[in-house]
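Text of start05.cif, listed as mmCIF, C-alpha atoms:
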data_run
loop_
_atom_site.label_atom_id
_atom_site.label_comp_id
_atom_site.auth_asym_id
_atom_site.auth_seq_id
_atom_site.Cartn_x
_atom_site.Cartn_y
_atom_site.Cartn_z
CA MET N 189 67.67 3.34 24.96
CA SER N 190 66.39 6.88 24.68
CA PRO N 191 62.68 7.27 23.97
CA ALA N 192 63.53 9.23 20.85
CA THR N 193 65.15 6.25 19.23
CA ILE N 194 62.16 3.97 19.41
CA ASP N 195 59.97 5.49 16.77
CA SER N 196 62.04 7.98 14.78
CA ARG N 197 62.84 6.15 11.61
CA PHE N 198 64.73 7.94 8.92
CA THR N 199 67.36 7.12 6.39
CA TYR N 200 70.72 8.80 6.83
CA ARG N 201 72.73 9.86 3.81
CA ARG N 202 76.02 11.70 3.88
CA ALA N 203 76.42 14.15 1.01
CA ARG N 204 79.94 14.60 -0.33
CA SER N 205 79.14 17.82 -2.14
CA LEU N 206 76.53 20.53 -2.18
CA ASP N 207 75.30 19.32 -5.57
CA GLU N 208 74.82 15.82 -4.22
CA ALA N 209 72.85 17.23 -1.28
CA ILE N 210 70.65 19.24 -3.64
CA ALA N 211 70.01 16.17 -5.81
CA LEU N 212 69.10 14.08 -2.76
CA LEU N 213 66.80 16.82 -1.47
CA GLN N 214 64.99 16.93 -4.80
CA GLU N 215 64.67 13.17 -5.06
CA HIS N 216 63.35 12.54 -1.58
CA GLU N 217 60.11 14.02 -0.39
CA GLY N 218 60.29 14.62 3.35
CA ALA N 219 64.08 14.78 3.44
CA ARG N 220 65.73 17.33 5.72
CA VAL N 221 69.26 18.63 5.72
CA ILE N 222 71.37 18.15 8.83
CA ALA N 223 74.60 20.02 9.48
CA GLY N 224 75.32 20.47 13.19
CA GLY N 225 71.85 19.19 14.00
CA GLN N 226 71.60 21.27 17.16
CA SER N 227 68.06 22.44 16.37
CA LEU N 228 66.95 19.60 14.14
CA MET N 229 67.87 16.68 16.41
CA PRO N 230 66.04 18.10 19.44
CA MET N 231 62.99 18.54 17.20
CA VAL N 232 63.33 14.96 15.95
CA ASN N 233 63.70 13.72 19.52
CA MET N 234 60.64 15.67 20.59
CA ARG N 235 58.78 14.33 17.54
CA LEU N 236 58.10 17.83 16.27
CA VAL N 237 59.46 16.76 12.90
CA SER N 238 59.58 13.31 11.33
CA PRO N 239 61.91 13.47 8.34
CA SER N 240 62.01 10.48 6.00
CA MET N 241 65.67 11.13 5.35
CA LEU N 242 68.43 13.19 6.90
CA ILE N 243 71.00 14.46 4.40
CA ASP N 244 74.20 15.16 6.30
CA ILE N 245 76.21 18.02 4.84
CA GLY N 246 78.46 18.21 7.90
CA ARG N 247 81.49 16.81 6.09
CA ILE N 248 81.52 19.19 3.13
CA GLN N 249 84.69 20.99 4.16
CA GLU N 250 84.56 23.59 1.40
CA LEU N 251 81.48 25.11 3.08
CA ASP N 252 83.45 25.87 6.24
CA TYR N 253 85.32 29.15 5.83
CA VAL N 254 85.53 32.76 6.90
CA ARG N 255 87.11 35.16 4.41
CA VAL N 256 87.06 38.76 3.27
CA SER N 257 86.47 39.58 -0.36
CA ASN N 258 85.68 43.03 -1.82
CA ASN N 259 84.73 44.49 1.54
CA VAL N 260 82.33 41.64 2.24
CA LEU N 261 82.78 39.12 5.01
CA GLU N 262 81.97 35.81 3.35
CA ILE N 263 81.02 32.99 5.66
CA GLY N 264 80.50 29.42 4.53
CA ALA N 265 77.21 27.84 5.58
CA LEU N 266 78.96 25.18 7.61
CA THR N 267 80.89 27.61 9.80
CA ARG N 268 80.30 26.71 13.45
CA HIS N 269 79.07 29.24 16.00
CA HIS N 270 82.25 28.70 17.99
CA THR N 271 84.32 29.74 14.97
CA LEU N 272 82.23 32.91 14.51
CA GLU N 273 82.77 33.70 18.18
CA GLN N 274 86.55 33.16 18.12
CA SER N 275 87.65 34.08 14.60
CA PRO N 276 89.88 37.19 14.61
CA VAL N 277 88.59 38.03 11.11
CA VAL N 278 84.97 38.02 12.27
CA ARG N 279 85.85 39.92 15.44
CA GLN N 280 87.62 42.59 13.44
CA HIS N 281 85.21 43.06 10.57
CA CYS N 282 81.88 42.03 12.04
CA PRO N 283 82.09 42.21 15.84
CA MET N 284 78.31 42.07 16.25
CA LEU N 285 78.26 38.68 14.55
CA SER N 286 80.95 37.41 16.86
CA ALA N 287 79.03 38.68 19.88
CA ALA N 288 75.82 37.12 18.58
CA ALA N 289 77.47 33.71 18.22
CA GLY N 290 78.68 33.96 21.82
CA TYR N 291 75.10 34.26 23.05
CA ILE N 292 74.01 31.01 21.42
CA GLY N 293 73.22 28.15 23.80
CA HIS N 294 76.35 26.92 25.48
CA ILE N 295 79.74 25.68 24.35
CA HIS N 296 78.49 22.19 23.50
CA ILE N 297 75.95 23.68 21.10
CA ARG N 298 78.33 26.28 19.65
CA ASN N 299 80.86 23.55 18.87
CA ARG N 300 78.36 21.85 16.55
CA GLY N 301 75.77 24.36 15.37
CA THR N 302 76.31 26.15 12.05
CA ILE N 303 75.34 29.55 10.67
CA GLY N 304 73.63 28.00 7.64
CA GLY N 305 71.63 25.76 9.94
CA SER N 306 70.56 28.56 12.25
CA LEU N 307 69.44 30.80 9.39
CA SER N 308 67.60 27.95 7.63
CA HIS N 309 65.91 26.94 10.87
CA ALA N 310 64.72 30.55 11.34
CA ASP N 311 63.79 30.47 14.99
CA PRO N 312 62.19 33.88 15.69
CA ALA N 313 64.30 34.34 18.82
CA ALA N 314 67.63 33.10 17.45
CA GLU N 315 70.58 35.48 17.49
CA LEU N 316 72.00 34.87 14.01
CA PRO N 317 68.83 35.71 12.02
CA LEU N 318 68.55 38.94 14.05
CA THR N 319 72.17 39.80 13.37
CA ALA N 320 71.84 38.99 9.67
CA LEU N 321 68.84 41.33 9.49
CA ALA N 322 70.47 44.15 11.47
CA LEU N 323 73.69 44.00 9.47
CA ASN N 324 71.94 43.72 6.09
CA ALA N 325 73.50 40.38 5.32
CA THR N 326 72.78 38.56 2.09
CA ILE N 327 72.04 34.86 2.12
CA ARG N 328 73.43 33.04 -0.89
CA THR N 329 71.47 29.90 -1.67
CA ARG N 330 72.08 27.14 -4.15
CA GLY N 331 69.45 24.88 -5.62
CA PRO N 332 68.37 23.04 -8.74
CA LYS N 333 67.89 26.36 -10.54
CA GLY N 334 71.23 27.76 -9.48
CA VAL N 335 72.39 30.45 -7.10
CA ARG N 336 70.27 33.17 -5.54
CA ASP N 337 71.35 36.08 -3.36
CA ILE N 338 68.53 36.87 -0.94
CA PRO N 339 68.74 39.88 1.37
CA ALA N 340 68.07 38.97 4.99
CA ASN N 341 64.95 41.14 5.05
CA ALA N 342 63.43 38.93 2.33
CA PHE N 343 64.77 35.61 3.63
CA PHE N 344 62.89 35.21 6.89
CA LEU N 345 59.20 34.82 6.15
CA GLY N 346 57.75 33.51 9.39
CA VAL N 347 58.24 31.20 12.33
CA PHE N 348 60.67 28.49 11.10
CA THR N 349 59.90 29.65 7.56
CA THR N 350 62.33 31.05 5.00
CA ALA N 351 62.48 31.89 1.31
CA LEU N 352 64.36 28.64 0.65
CA GLN N 353 62.55 26.65 -2.02
CA HIS N 354 62.40 22.91 -2.50
CA GLY N 355 65.88 21.58 -3.09
CA GLU N 356 67.63 24.80 -2.04
CA LEU N 357 70.33 25.13 0.59
CA VAL N 358 72.18 28.01 2.17
CA GLU N 359 75.67 28.08 0.70
CA GLN N 360 77.16 31.29 2.05
CA VAL N 361 76.25 34.26 4.20
CA ARG N 362 77.59 37.64 3.13
CA PHE N 363 77.99 40.39 5.71
CA PRO N 364 78.90 43.97 4.84
CA MET N 365 81.86 44.82 7.03
CA GLN N 366 81.23 46.99 10.07
CA THR N 367 83.38 50.10 10.25
CA PRO N 368 84.70 51.92 13.33
CA ASN N 369 82.10 54.58 12.52
CA HIS N 370 79.41 52.03 13.36
CA ARG N 371 78.73 51.98 17.04
CA TRP N 372 76.71 48.95 17.92
CA SER N 373 75.33 46.77 20.67
CA LEU N 374 73.58 43.48 21.05
CA LEU N 375 71.68 42.86 24.26
CA GLU N 376 69.24 40.19 25.25
CA GLN N 377 67.01 39.21 28.10
CA VAL N 378 67.27 35.55 29.05
CA ARG N 379 65.84 33.66 32.00
CA ARG N 380 68.85 31.35 32.17
CA HIS N 381 72.32 31.47 30.65
CA GLY N 382 72.12 30.14 27.10
CA ASP N 383 68.34 30.21 26.72
CA PHE N 384 66.63 31.68 23.72
CA PRO N 385 66.04 35.34 24.60
CA LEU N 386 62.65 36.72 25.60
CA VAL N 387 63.78 39.78 23.70
CA ALA N 388 67.02 40.53 21.86
CA VAL N 389 67.95 43.96 20.56
CA ALA N 390 70.64 44.72 17.99
CA THR N 391 71.47 48.36 17.38
CA ILE N 392 73.83 50.18 15.06
CA LEU N 393 74.38 53.91 15.24
CA GLU N 394 76.21 55.66 12.45
CA PHE N 395 77.40 59.13 13.34
CA ASN N 396 77.95 62.26 11.32
CA GLY N 397 79.97 64.42 13.69
CA ALA N 398 78.04 64.65 16.94
CA LYS N 399 74.71 63.67 15.38
CA ILE N 400 73.26 60.29 14.55
CA ALA N 401 73.10 59.94 10.77
CA ASN N 402 71.61 56.48 10.59
CA ALA N 403 70.24 54.03 13.12
CA VAL N 404 69.36 50.38 12.94
CA ILE N 405 67.23 48.75 15.62
CA GLY N 406 66.62 45.04 15.19
CA LEU N 407 64.32 43.16 17.56
CA GLY N 408 64.39 39.41 18.03
CA GLY N 409 62.03 37.10 19.86
CA VAL N 410 58.99 39.38 19.79
CA ALA N 411 57.49 38.64 16.36
CA ALA N 412 57.32 35.79 13.85
CA THR N 413 60.74 36.81 12.57
CA ALA N 414 63.36 39.28 13.70
CA VAL N 415 62.10 42.74 12.74
CA ARG N 416 63.41 46.27 12.34
CA ALA N 417 61.82 49.03 14.40
CA ARG N 418 61.62 51.47 11.49
CA HIS N 419 59.82 54.34 13.23
CA ALA N 420 62.21 54.24 16.15
CA GLU N 421 65.15 54.18 13.73
CA ALA N 422 63.80 57.17 11.80
CA SER N 423 63.28 59.13 15.01
CA LEU N 424 67.01 59.01 15.69
CA SER N 425 68.22 60.46 12.39
CA GLY N 426 69.81 63.84 12.82
CA GLN N 427 69.51 63.70 16.61
CA ALA N 428 72.19 64.05 19.23
CA PRO N 429 72.63 60.84 21.24
CA THR N 430 70.94 61.88 24.46
CA ILE N 431 69.12 59.76 27.02
CA ASP N 432 65.82 61.50 26.18
CA VAL N 433 66.19 60.82 22.46
CA PHE N 434 66.93 57.17 23.19
CA ARG N 435 64.01 56.87 25.59
CA SER N 436 61.51 58.13 23.09
CA ALA N 437 62.97 55.88 20.38
CA ALA N 438 62.64 52.93 22.77
CA GLN N 439 59.00 53.84 23.36
CA LEU N 440 58.39 53.93 19.63
CA ALA N 441 60.08 50.54 19.20
CA ALA N 442 57.81 49.00 21.83
CA GLY N 443 54.83 50.29 19.86
CA GLU N 444 56.03 48.66 16.66
CA VAL N 445 55.70 45.04 17.81
CA GLU N 446 52.73 43.00 18.95
CA PRO N 447 54.16 40.31 21.18
CA SER N 448 51.71 37.69 22.41
CA ASP N 449 51.34 36.05 25.81
CA ILE N 450 53.74 33.13 26.14
CA ILE N 451 54.34 30.67 28.93
CA HIS N 452 57.23 32.71 30.32
CA ALA N 453 55.79 36.21 30.08
CA SER N 454 52.69 38.24 29.32
CA ALA N 455 52.37 40.32 26.17
CA ALA N 456 52.45 43.52 28.23
CA TYR N 457 55.64 42.48 30.00
CA ARG N 458 57.31 41.55 26.73
CA ARG N 459 56.40 44.91 25.23
CA ASP N 460 57.81 46.66 28.29
CA MET N 461 61.01 44.68 27.92
CA VAL N 462 61.31 45.75 24.29
CA GLU N 463 61.31 49.34 25.53
CA VAL N 464 63.74 48.68 28.38
CA TYR N 465 66.21 46.69 26.29
CA THR N 466 66.01 49.01 23.29
CA GLY N 467 66.81 51.96 25.54
CA ARG N 468 69.71 50.14 27.12
CA ALA N 469 70.98 48.88 23.75
CA LEU N 470 70.99 52.40 22.30
CA GLU N 471 72.83 53.80 25.31
CA THR N 472 75.34 50.95 25.12
CA ALA N 473 75.96 51.53 21.43
CA ALA N 474 76.43 55.27 21.81
CA MET S 23 68.84 1.09 6.85
CA SER S 24 72.12 0.89 8.66
CA GLN S 25 75.48 2.56 8.51
CA ARG S 26 78.90 1.04 8.91
CA ILE S 27 80.86 3.28 11.27
CA ARG S 28 84.42 3.28 12.49
CA LEU S 29 85.52 5.43 15.37
CA ARG S 30 87.91 5.48 18.30
CA VAL S 31 86.26 5.46 21.69
CA ASN S 32 88.55 6.07 24.65
CA GLY S 33 91.49 5.12 22.48
CA VAL S 34 89.98 1.83 21.30
CA GLU S 35 89.18 1.35 17.63
CA ARG S 36 85.52 0.37 17.20
CA GLN S 37 83.60 -0.76 14.15
CA ALA S 38 79.89 -1.30 14.10
CA GLU S 39 76.86 -1.57 11.90
CA VAL S 40 74.35 0.89 13.40
CA PRO S 41 70.78 1.83 12.50
CA ASP S 42 70.61 5.15 10.63
CA HIS S 43 68.61 6.79 13.39
CA LEU S 44 70.74 5.58 16.31
CA LEU S 45 71.84 8.39 18.61
CA LEU S 46 75.46 8.51 19.68
CA VAL S 47 74.45 8.27 23.34
CA ASP S 48 72.51 5.07 22.65
CA PHE S 49 75.44 3.65 20.71
CA LEU S 50 77.80 4.35 23.60
CA ARG S 51 75.45 3.01 26.25
CA ASP S 52 73.74 0.08 24.55
CA GLU S 53 76.29 -1.10 22.01
CA LEU S 54 79.49 -0.40 23.91
CA GLY S 55 78.21 -0.64 27.48
CA LEU S 56 79.62 2.77 28.34
CA THR S 57 76.82 3.97 30.59
CA GLY S 58 78.62 7.01 31.99
CA ALA S 59 76.92 9.36 29.54
CA LYS S 60 73.32 9.68 30.67
CA ILE S 61 70.11 10.56 28.90
CA GLY S 62 68.45 13.35 30.83
CA CYS S 63 66.36 15.69 28.73
CA GLY S 64 66.95 14.15 25.30
CA TYR S 65 67.16 17.47 23.52
CA GLY S 66 70.50 19.01 24.28
CA ILE S 67 69.69 21.13 27.31
CA CYS S 68 70.76 19.25 30.44
CA GLY S 69 74.25 18.10 29.50
CA SER S 70 74.11 14.65 31.17
CA CYS S 71 75.06 13.08 27.83
CA THR S 72 78.17 15.26 27.36
CA VAL S 73 81.10 13.52 25.70
CA ILE S 74 84.20 14.83 23.94
CA LEU S 75 84.22 14.42 20.17
CA ASN S 76 87.44 15.38 18.43
CA ASP S 77 88.53 17.44 21.46
CA GLN S 78 85.25 19.35 21.68
CA VAL S 79 82.44 18.83 24.16
CA ILE S 80 79.16 17.88 22.53
CA LYS S 81 75.78 16.52 23.53
CA SER S 82 75.59 12.90 22.46
CA CYS S 83 71.78 12.82 22.68
CA ILE S 84 71.46 15.21 19.73
CA THR S 85 74.23 13.66 17.69
CA LEU S 86 73.75 10.60 15.51
CA ALA S 87 76.14 7.69 15.82
CA ALA S 88 76.58 7.99 12.05
CA GLN S 89 77.78 11.58 12.48
CA ALA S 90 80.58 10.33 14.73
CA ASP S 91 81.97 8.07 12.02
CA GLY S 92 85.73 8.59 11.87
CA ALA S 93 85.80 10.59 15.09
CA GLU S 94 87.75 10.30 18.30
CA VAL S 95 85.29 10.06 21.18
CA ARG S 96 86.10 10.29 24.87
CA THR S 97 83.67 9.41 27.60
CA VAL S 98 83.98 9.58 31.37
CA GLU S 99 85.12 5.94 31.32
CA GLY S 100 88.21 6.98 29.39
CA ILE S 101 89.70 9.77 31.43
CA ALA S 102 90.98 8.01 34.54
CA THR S 103 93.26 5.03 35.00
CA PRO S 104 92.14 1.99 37.03
CA THR S 105 94.28 3.17 39.92
CA GLU S 106 94.03 6.94 39.73
CA LEU S 107 91.12 9.29 39.24
CA HIS S 108 91.38 12.26 36.91
CA PRO S 109 92.10 15.43 38.93
CA VAL S 110 88.62 16.76 38.07
CA GLN S 111 87.02 13.60 39.47
CA ALA S 112 89.20 13.67 42.58
CA ALA S 113 88.38 17.34 43.16
CA LEU S 114 84.64 16.74 42.80
CA ILE S 115 84.86 14.09 45.52
CA GLU S 116 87.05 16.21 47.75
CA LYS S 117 84.86 19.30 47.42
CA GLY S 118 81.55 17.43 47.51
CA GLY S 119 80.70 18.69 44.03
CA TYR S 120 77.97 16.12 43.49
CA GLN S 121 75.04 14.55 45.27
CA CYS S 122 72.88 12.24 43.18
CA GLY S 123 75.63 11.98 40.57
CA TYR S 124 73.44 11.92 37.48
CA CYS S 125 74.98 15.04 35.96
CA THR S 126 78.49 14.24 37.17
CA PRO S 127 79.88 12.39 34.12
CA GLY S 128 78.80 15.31 31.93
CA VAL S 129 80.26 17.84 34.35
CA VAL S 130 83.53 15.91 34.41
CA MET S 131 83.76 15.90 30.62
CA THR S 132 82.96 19.60 30.26
CA ALA S 133 85.43 20.56 32.98
CA THR S 134 88.12 18.30 31.50
CA ALA S 135 87.69 19.86 28.06
CA LEU S 136 87.74 23.36 29.57
CA LEU S 137 90.97 22.74 31.49
CA ALA S 138 92.63 21.19 28.44
CA LYS S 139 92.07 24.46 26.56
CA ASN S 140 92.30 26.90 29.42
CA PRO S 141 94.48 25.68 32.31
CA ASN S 142 93.75 28.75 34.45
CA PRO S 143 90.10 29.69 33.98
CA SER S 144 88.42 32.43 35.97
CA GLU S 145 85.32 31.62 37.98
CA ALA S 146 83.23 33.33 35.28
CA GLU S 147 84.84 31.18 32.59
CA ILE S 148 84.17 28.03 34.60
CA ARG S 149 80.54 29.00 35.12
CA ALA S 150 80.10 29.87 31.43
CA ALA S 151 81.60 26.53 30.37
CA LEU S 152 79.36 24.62 32.76
CA ALA S 153 76.21 26.51 31.77
CA GLY S 154 75.30 23.60 29.55
CA ASN S 155 75.44 21.08 32.41
CA LEU S 156 72.45 21.29 34.71
CA CYS S 157 72.81 20.10 38.29
CA ARG S 158 69.71 20.10 40.44
CA CYS S 159 71.47 19.07 43.66
CA THR S 160 74.55 21.12 44.41
CA GLY S 161 73.75 24.71 43.54
CA TYR S 162 77.00 24.66 41.51
CA THR S 163 79.20 26.38 44.10
CA ARG S 164 81.06 23.21 45.02
CA ILE S 165 81.32 22.13 41.41
CA VAL S 166 82.98 25.44 40.55
CA GLN S 167 85.30 25.11 43.55
CA ALA S 168 86.19 21.59 42.44
CA VAL S 169 87.11 22.76 38.96
CA GLN S 170 89.26 25.53 40.46
CA ASN S 171 90.99 22.95 42.65
CA ALA S 172 91.51 20.58 39.75
CA ALA S 173 93.02 23.44 37.73
CA LEU S 174 95.49 24.10 40.55
CA VAL S 175 96.46 20.44 40.81
CA MET S 176 96.83 20.07 37.05
CA ARG S 177 99.04 23.17 36.77
CA ASP S 178 101.46 21.84 39.41
#
Please render this file's structure as structure tokens.
Amino acid sequence: MSPATIDSRFTYRRARSLDEAIALLQEHEGARVIAGGQSLMPMVNMRLVSPSMLIDIGRIQELDYVRVSNNVLEIGALTRHHTLEQSPVVRQHCPMLSAAAGYIGHIHIRNRGTIGGSLSHADPAAELPLTALALNATIRTRGPKGVRDIPANAFFLGVFTTALQHGELVEQVRFPMQTPNHRWSLLEQVRRHGDFPLVAVATILEFNGAKIANAVIGLGGVAATAVRARHAEASLSGQAPTIDVFRSAAQLAAGEVEPSDIIHASAAYRRDMVEVYTGRALETAA
Amino acid sequence: MSQRIRLRVNGVERQAEVPDHLLLVDFLRDELGLTGAKIGCGYGICGSCTVILNDQVIKSCITLAAQADGAEVRTVEGIATPTELHPVQAALIEKGGYQCGYCTPGVVMTATALLAKNPNPSEAEIRAALAGNLCRCTGYTRIVQAVQNAALVMRD
């Protein structure tokens, strides 16, 4: 028997609807929601969390969809990473999201893990929160007080911490569609295939003729949440996409984060890698 | 608390009353005696516990038995016949794609699932599929060669 099984005691309940899950969440202090469970179960096994109850929403089929409505890509919370990676609709309208899903873990994890789960879990280095931030996604939540639409930049509050309130769940994630005018890239530095990145950089460059009109630079893994490098973004507006312009933007981006020393890398190294990967990401996008 | 679950494991209908917190890997090993799936890391990294659930590879150490209710599960015990190994198993032996063997059942399941979906994978595709199965003995080269060989045999 695995060591995890010996002392993790929780009640398992399978919710048949989102409303039932919300009611269970409200009733039971210490309850956690499980969908794919690809972040939660490792944490349970490592005893980092000890839920009193796991509410399984994994069978609520109506939360598993990808569709386009009024120029918004609507994605049900239960959509698996593998679906995001493979779906022709996602690939066409939100290619960065598809690419982001492909970076997650390995196929075993992508078969089970869900977008709602990843966003709710809010790992600072995870690809989907970074992508949601870079693409200005809106997270639609449902709870005892009804539905809320929370922009990604107000959803992620800290390490494993979101704006979700007691009894609330992610119901849908809404992505504005990317257009061919958006050049983009998503790069990350990993020590091994499938690891969480030491740094991940998402860039979008919107052009007006030969000049950059708007730039987005999202950084993952180097702060408590994914963050935008606003000064670096601003420095690109109105500029031609040259190596020098990108290099100075990358330098600015590195100055906008305060990574700490971690077991895998020093703070100075991580800051250097922000510069290197931002530069590369901008060149790749252009 | 316990859950009543019904699932098919290697084609056999199974019913059981399992504790709420029981992991699928523990159910397979301790309740059904299917000890092919191994517990390595216990948090979904090493891949020794890989099984196929509804035609998709998963890690059974981070899946609850209750979550597999109603599912079709395949383990390494269910892919060969008593007289003939699965081509992936035969190729691993022929190529020497294992040493201690601890990761092998997981590797077999991942490779089997890959070849079912993609009969002619490139080396890069094989390596990407197997990225979730750690092997500390072989250095992977012979495992990759074995999967390539198995693909050839299975296409014939």
Checklist entry - Could you pull the residues within 8 Å of Cys159 of chain S, counting all atoms listed in the file, minus those fewer than 3 positions along the same chain, as a PyMOL selection string? => result chain S and resi 120-122
Checklist entry - For the atom pair atom CA of Ser275 of chain N and atom CA of Arg330 of chain N, what is the interatomic distance in Å to one decimal place? => result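 Interatomic distance here is 25.3 Å.
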Checklist entry - Hey, what comes out of the PyMOL selection byres ((chain S) within 10 of (chain N)) on this file? Could you write it as a PyMOL selection string? => result chain S and resi 23-25+41-45+47-49+51-52+60-67+69+72-75+78-86+88-89+132+136+149-155
Selection to disk with C-alpha atoms, as a tab-separated table (two decimals), in the coordinates of the input:
chain	number	residue	atom	x	y	z
S	23	MET	CA	68.84	1.09	6.85
S	24	SER	CA	72.12	0.89	8.66
S	25	GLN	CA	75.48	2.56	8.51
S	41	PRO	CA	70.78	1.83	12.50
S	42	ASP	CA	70.61	5.15	10.63
S	43	HIS	CA	68.61	6.79	13.39
S	44	LEU	CA	70.74	5.58	16.31
S	45	LEU	CA	71.84	8.39	18.61
S	47	VAL	CA	74.45	8.27	23.34
S	48	ASP	CA	72.51	5.07	22.65
S	49	PHE	CA	75.44	3.65	20.71
S	51	ARG	CA	75.45	3.01	26.25
S	52	ASP	CA	73.74	0.08	24.55
S	60	LYS	CA	73.32	9.68	30.67
S	61	ILE	CA	70.11	10.56	28.90
S	62	GLY	CA	68.45	13.35	30.83
S	63	CYS	CA	66.36	15.69	28.73
S	64	GLY	CA	66.95	14.15	25.30
S	65	TYR	CA	67.16	17.47	23.52
S	66	GLY	CA	70.50	19.01	24.28
S	67	ILE	CA	69.69	21.13	27.31
S	69	GLY	CA	74.25	18.10	29.50
S	72	THR	CA	78.17	15.26	27.36
S	73	VAL	CA	81.10	13.52	25.70
S	74	ILE	CA	84.20	14.83	23.94
S	75	LEU	CA	84.22	14.42	20.17
S	78	GLN	CA	85.25	19.35	21.68
S	79	VAL	CA	82.44	18.83	24.16
S	80	ILE	CA	79.16	17.88	22.53
S	81	LYS	CA	75.78	16.52	23.53
S	82	SER	CA	75.59	12.90	22.46
S	83	CYS	CA	71.78	12.82	22.68
S	84	ILE	CA	71.46	15.21	19.73
S	85	THR	CA	74.23	13.66	17.69
S	86	LEU	CA	73.75	10.60	15.51
S	88	ALA	CA	76.58	7.99	12.05
S	89	GLN	CA	77.78	11.58	12.48
S	132	THR	CA	82.96	19.60	30.26
S	136	LEU	CA	87.74	23.36	29.57
S	149	ARG	CA	80.54	29.00	35.12
S	150	ALA	CA	80.10	29.87	31.43
S	151	ALA	CA	81.60	26.53	30.37
S	152	LEU	CA	79.36	24.62	32.76
S	153	ALA	CA	76.21	26.51	31.77
S	154	GLY	CA	75.30	23.60	29.55
S	155	ASN	CA	75.44	21.08	32.41
Next on the checklist: Could you tell me how far atom CA of Ala390 of chain N sits from atom CA of Glu262 of chain N, in Å to one decimal place?
Outcome noted: 20.5 Å
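The residues caught by the PyMOL selection byres ((chain S and resi 36) around 12) in this file are Arg26, Ile27, Arg28, Leu29, Arg30, Val31, Asn32, Gly33, Val34, Glu35, Gln37, Ala38, Glu39, Val40, Phe49, Leu50, Glu53, Leu54, Ala87, Ala90, Asp91, Gly92, Ala93, Glu94 and Val95 of chain S.
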Next on the checklist: Give me the residues near segment 175-177 of chain S as a ChimeraX atom specification, where near means some atom within 12 Å (using only C-alpha atoms) and where sequence neighbours in that chain fewer than 6 positions away do not count.
Outcome noted: /S:108-113,134,137-138,140-143,168-169
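Here atom CA of Arg468 of chain N stands at a distance of 15.2 Å from atom CA of Leu386 of chain N.
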Item to check | Output of the PyMOL selection byres ((chain N and resi 317) around 8), listed as a ChimeraX atom specification | outcome: /N:306-307,310-312,314-316,318-321,340,344,414
Item to check | Counting all atoms listed in the file, the residue of N:Ala437, N:Val445, N:Ala398, N:Leu393 that sits nearest Ala474 of chain N | outcome: N:Leu393
Next on the checklist: Under the rule that only C-alpha atoms are counted, which of N:Leu357, N:Ala422, N:Val335, N:Leu261 is the nearest residue to Gly305 of chain N?
Outcome noted: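 Result for the nearest residue to Gly305 of chain N: N:Leu357.
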Checklist entry - For Ile115 of chain S, which residue among S:Thr57, S:Thr97, S:Asn171, S:Thr103 is the nearest when counting all atoms listed in the file? => result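 Smallest separation from Ile115 of chain S among the options: S:Asn171.
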Axis-aligned box for all listed atoms of segment 138-153 of chain S, 3 Å per side, centre and edges in Å to one decimal, as lines of an AutoDock Vina configuration file:
center_x = 85.3
center_y = 27.3
center_z = 32.3
size_x = 24.3
size_y = 18.1
size_z = 17.4
Next on the checklist: With 9 Å as the threshold, what does the neighbourhood of (72.0, 36.8, -5.3) contain in terms of residues, counting all atoms listed in the file? Coordinates are those of the file; answer as a list of chain:residue names.
Outcome noted: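 Residues close enough to count: N:Thr326, N:Ile327, N:Arg328, N:Thr329, N:Val335, N:Arg336, N:Asp337, N:Ile338, N:Pro339.
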Based on the selection just made, write C-alpha atoms of those residues as a PDB file, in the frame of the given file.
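As a result, part-v7.pdb now contains:
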ATOM      1  CA  THR N 326      72.780  38.560   2.090  1.00  0.00           C
ATOM      2  CA  ILE N 327      72.040  34.860   2.120  1.00  0.00           C
ATOM      3  CA  ARG N 328      73.430  33.040  -0.890  1.00  0.00           C
ATOM      4  CA  THR N 329      71.470  29.900  -1.670  1.00  0.00           C
ATOM      5  CA  VAL N 335      72.390  30.450  -7.100  1.00  0.00           C
ATOM      6  CA  ARG N 336      70.270  33.170  -5.540  1.00  0.00           C
ATOM      7  CA  ASP N 337      71.350  36.080  -3.360  1.00  0.00           C
ATOM      8  CA  ILE N 338      68.530  36.870  -0.940  1.00  0.00           C
ATOM      9  CA  PRO N 339      68.740  39.880   1.370  1.00  0.00           C
TER      10      PRO N 339
END
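You can rank N:Val347, N:Ala313, N:Leu236, N:Ala288 by their closest distance to Leu407 of chain N using all atoms listed in the file, and at the top of that list sits N:Ala313.
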Checklist entry - Using only C-alpha atoms, what residues lie at most 12 Å away from (70.7, 19.5, -2.6) (file coordinates), given as a PyMOL selection string? => result chain N and resi 201-216+219-222+242-245+329-335+352-359
Item to check | Among the residues S:Cys68, S:Val130, S:Ala59, S:Cys125, the one that comes closest to Leu107 of chain S [using all atoms listed in the file] | outcome: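 Nearest to Leu107 of chain S: S:Val130.
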